[in-house]
Amino acid sequence: VLPLLSHCSLTMIAVQMKSHCEYDLSASTFSPDGRVFQVEYAMKAVENSSTAIGIRCKDGVVFGVEKLILSKLYEQGSNKRIFNIDRHVGMAVAGLLADARSLSEVSREEASNFRSNYGHDIPLKHLADRVAMYVHAYTLYSAVRPFGCSFILGSYDEDDGPQLYMVDPSGISYGYWGCAIGKAKQAAKTEIEKLQVGVNILYIHIDIYIVHDEVKDKAFELELSWVGEVTKGRHELVPKDIKEEAEKYAKESLEEEDDSDEDNM
Amino acid sequence: MSEELFPEPEWLSEEVKTGTTIIAVTFDGGVVLGSDSRVSAGEAVVNRVMNKLSPLHDKIYCALSGSAADAQTIAEIVNYQLDVHRPRTQYHRTFNKDVILLTSPDDNVVVKQKKKQHLHEIGHILNAFEFDKAWDRTVLRKIKEKVPHDLSIEVEDDPLVCSAATLVKNISYKYKEELSAHLIVAGWDKKKGGQVYATLSGLLTSQPFAIGGSGSFYINGFVDAEYRKNMTKRECQEFVVNALTLAMGRDGSSGGVAYVVTIDKDGAEEKCVLGNELPKFFDQ
């Protein structure tokens, strides 16, 4: 009887702190209102990370990631958050970086196996489905925890054109014209919605700068990559000179407070 | 006693080979595959009407040569793998769809057999007919073309010819010591049009045309001289039939009838050219 009482007292305290105790201890438990709290908590981990944006343009896909610099001692370019999955596929992540790295390895293996079995590049929808299935599997058991990261996959193919998919910790994958994940995703989404669909412009710079400003954090490093007709279907980091030009343009237009839709650069 | 007087014929213990002539040629808009129909075991003809053109998918066929069992097995495995490759859509090769016309829009969901039975008994079914599932896909595609793009219908894309060829190559290469079969994979896909792949002993190469089998040695010169790029469908079919006839005329292990399959964007068309319909060459 005594141990039971002490258990009760602990539960009482827990109830005061949050209203969903008992149902959030493992991913294999539903709450009475039909939620799996562990998965929702995993999504919170993503929301606490800095922003990543992907935009699907008429002739390509652009990724931009805001990497907050936590220490002046960090080497520039370390802790990359944009990965190359296959020649033609790129992945930008937000959330727990270690989880994201592990998933990037999983994606690479999927893409590689597909190529080995079927002799051609993996279609992005197929890759997104496969990795989403993998992520979903970790939301089913109490022995493991869900992945604490969301990621955006993008590719460009001559025949199918540009594609963009986002996978979140619950294991769903969505196709997008433009999407943002992380801290300032709402603000970023608003900016993206203002864009006209169907142009390949490095507006992503402006978005990240606007969004970053609004978040009011310390210094950050911008990681930018693209895949499209201009790179002949290969996913690459944006060359330094173009990146600098875009950054300058973004800063200037921010100062003018003018987010109009100018012509491409 | 009887075994000494009448020893078992050698061909009973010989491996069954498709000493063969097979050929696949691309033309402007598709491919044509052709094969003879003789299956031999040593000196005996075990089957004189075998169709060596085996479907891997709706618009991808392969031509078999070498050991009959090996070739057929590889073709069946790859056929199965390509079926499984279909993304997310449940397809069973022999499943036919029922179309049922009901008297009232309230009888709107007819799924299980029992319900259909019941509706039939109470006289609610006006008419019912089955159609082949290939029709189903064509209908879906036509609907998708007409309907705006944001209507989500799962129309699965046909697999690429190079996927089928890679699957064949992977098996041929992995088991190359145990198997002795050469498959030519040919078909049409919307990305690259008509293609022909040779997969001899586990290599994989895309070619404008390919020949294989024991009879092919006799027509190497002929096909090299007579092949032209971008033939019309009719010219290509004639070219294939001519090549087969010449090979069958000289190779002891090729003969019978000629099977021809033409594949283009509209599908695959099978034809059988009987012995007396084959073209006549210098035949003294």
# chains A, B, ... in the order shown; residues from 1 in each chain; ligands from 1
>>> interface_residues(of="chain B", to="chain A", cutoff="9 Å", atoms="only C-alpha atoms", output="list in words")
Pro87, Leu160, Cys162, Ser163, Ala164, Ala165, Thr166, Leu167, Asn170 and Lys191 of chain B
>>> residues_around(residues="Gln237 of chain B", least_positions_apart="3", cutoff="10 Å", atoms="only C-alpha atoms", output="ChimeraX atom specification")
/B:25,27,31-34,231-234,240-243,260-262
>>> write_last_selection(atoms="C-alpha atoms", output="PDB file, in the first residue's frame")
ATOM      1  CA  VAL B  25      15.245  -3.305 -83.294  1.00  0.00           C
ATOM      2  CA  PHE B  27      12.349   2.377 -84.915  1.00  0.00           C
ATOM      3  CA  VAL B  31      10.688  -1.205 -80.902  1.00  0.00           C
ATOM      4  CA  VAL B  32      10.044  -4.435 -82.719  1.00  0.00           C
ATOM      5  CA  LEU B  33      11.073  -7.776 -81.226  1.00  0.00           C
ATOM      6  CA  GLY B  34      11.245 -11.000 -83.143  1.00  0.00           C
ATOM      7  CA  MET B 231      12.758   3.349 -89.892  1.00  0.00           C
ATOM      8  CA  THR B 232       9.003   3.384 -89.966  1.00  0.00           C
ATOM      9  CA  LYS B 233       7.083   0.745 -88.052  1.00  0.00           C
ATOM     10  CA  ARG B 234       6.296  -1.233 -91.182  1.00  0.00           C
ATOM     11  CA  VAL B 240      12.885  -8.204 -88.394  1.00  0.00           C
ATOM     12  CA  VAL B 241      10.946 -10.838 -90.336  1.00  0.00           C
ATOM     13  CA  ASN B 242      13.576 -10.900 -93.066  1.00  0.00           C
ATOM     14  CA  ALA B 243      16.367 -11.330 -90.557  1.00  0.00           C
ATOM     15  CA  VAL B 260       6.886 -10.559 -83.816  1.00  0.00           C
ATOM     16  CA  VAL B 261       5.972  -8.071 -81.099  1.00  0.00           C
ATOM     17  CA  THR B 262       5.693  -4.369 -81.874  1.00  0.00           C
TER      18      THR B 262
END
>>> residues_around(residues="segment 48-63 of chain A", least_positions_apart="3", cutoff="8 Å", atoms="only C-alpha atoms", output="count of residues only")
46
>>> atom_distance(atom1="atom CA of Asn84 of chain A", atom2="atom CA of Glu109 of chain A")
12.0 Å
>>> select_by_dssp(residues="segment 209-246 of chain B", states="strand (DSSP E or B)", output="ChimeraX atom specification")
/B:209-212
>>> write_last_selection(atoms="N, CA and C atoms", output="PDB file, in the first residue's frame")
ATOM      1  N   PHE B 209      19.915  -1.798 -82.110  1.00  0.00           N
ATOM      2  CA  PHE B 209      19.304  -3.102 -82.337  1.00  0.00           C
ATOM      3  C   PHE B 209      20.216  -4.152 -81.725  1.00  0.00           C
ATOM      4  N   ALA B 210      19.662  -5.336 -81.486  1.00  0.00           N
ATOM      5  CA  ALA B 210      20.458  -6.409 -80.902  1.00  0.00           C
ATOM      6  C   ALA B 210      19.970  -7.729 -81.448  1.00  0.00           C
ATOM      7  N   ILE B 211      20.912  -8.667 -81.650  1.00  0.00           N
ATOM      8  CA  ILE B 211      20.519 -10.016 -82.070  1.00  0.00           C
ATOM      9  C   ILE B 211      21.155 -11.001 -81.121  1.00  0.00           C
ATOM     10  N   GLY B 212      20.556 -12.170 -81.018  1.00  0.00           N
ATOM     11  CA  GLY B 212      21.092 -13.160 -80.091  1.00  0.00           C
ATOM     12  C   GLY B 212      20.676 -14.555 -80.477  1.00  0.00           C
TER      13      GLY B 212
END
>>> residues_around(residues="segment 63-78 of chain B", least_positions_apart="5", cutoff="6 Å", atoms="only C-alpha atoms", output="JSON list (two decimals) with N, CA, C and O atoms, in the first residue's frame")
[["chain", "number", "residue", "atom", "x", "y", "z"],
["B", 17, "LYS", "N", 17.71, -26.56, -74.73],
["B", 17, "LYS", "CA", 18.17, -25.22, -75.05],
["B", 17, "LYS", "C", 17.24, -24.59, -76.06],
["B", 17, "LYS", "O", 16.66, -25.26, -76.89],
["B", 18, "THR", "N", 17.16, -23.29, -75.97],
["B", 18, "THR", "CA", 16.48, -22.63, -77.07],
["B", 18, "THR", "C", 17.55, -22.17, -78.02],
["B", 18, "THR", "O", 17.95, -21.01, -78.03],
["B", 52, "LYS", "N", 9.08, -17.15, -77.75],
["B", 52, "LYS", "CA", 10.21, -16.76, -76.91],
["B", 52, "LYS", "C", 10.21, -15.29, -76.56],
["B", 52, "LYS", "O", 11.20, -14.78, -76.03],
["B", 53, "LEU", "N", 9.12, -14.61, -76.89],
["B", 53, "LEU", "CA", 9.03, -13.19, -76.53],
["B", 53, "LEU", "C", 8.13, -13.11, -75.31],
["B", 53, "LEU", "O", 6.93, -13.34, -75.39],
["B", 180, "SER", "N", 22.82, -20.06, -67.90],
["B", 180, "SER", "CA", 23.33, -19.77, -69.24],
["B", 180, "SER", "C", 22.14, -19.33, -70.08],
["B", 180, "SER", "O", 21.50, -20.12, -70.76],
["B", 181, "ALA", "N", 21.87, -18.06, -69.96],
["B", 181, "ALA", "CA", 20.75, -17.52, -70.73],
["B", 181, "ALA", "C", 21.10, -16.11, -71.14],
["B", 181, "ALA", "O", 21.77, -15.39, -70.41],
["B", 182, "HIS", "N", 20.63, -15.73, -72.31],
["B", 182, "HIS", "CA", 20.86, -14.36, -72.78],
["B", 182, "HIS", "C", 19.51, -13.77, -73.12],
["B", 182, "HIS", "O", 18.80, -14.29, -73.96],
["B", 183, "LEU", "N", 19.16, -12.71, -72.41],
["B", 183, "LEU", "CA", 17.89, -12.06, -72.67],
["B", 183, "LEU", "C", 18.13, -10.70, -73.31],
["B", 183, "LEU", "O", 18.98, -9.95, -72.85],
["B", 184, "ILE", "N", 17.37, -10.41, -74.33],
["B", 184, "ILE", "CA", 17.38, -9.06, -74.88],
["B", 184, "ILE", "C", 16.12, -8.37, -74.39],
["B", 184, "ILE", "O", 15.02, -8.88, -74.58],
["B", 213, "GLY", "N", 21.30, -15.53, -79.82],
["B", 213, "GLY", "CA", 20.97, -16.92, -80.11],
["B", 213, "GLY", "C", 21.90, -17.50, -81.14],
["B", 213, "GLY", "O", 22.67, -16.81, -81.80]]
>>> atom_distance(atom1="atom CA of Asp86 of chain A", atom2="atom CA of Glu105 of chain A")
10.7 Å
>>> atom_distance(atom1="atom CA of Glu236 of chain A", atom2="atom CA of Asn79 of chain A")
16.6 Å
>>> residues_around(residues="segment 31-40 of chain A", least_positions_apart="4", cutoff="12 Å", atoms="only C-alpha atoms", output="JSON, numbers by chain")
{"A": [19, 20, 21, 22, 23, 24, 25, 26, 27, 44, 45, 46, 47, 135, 136, 137, 138, 139, 140, 141, 142, 144, 145, 146, 147, 148, 149, 150, 168, 169, 170, 171, 172]}
>>> residues_around(residues="segment 244-248 of chain B", least_positions_apart="2", cutoff="9 Å", atoms="only C-alpha atoms", output="number ranges by chain")
B: 20-23, 34-36, 214-219, 222, 239-242, 250-256, 258, 278-281
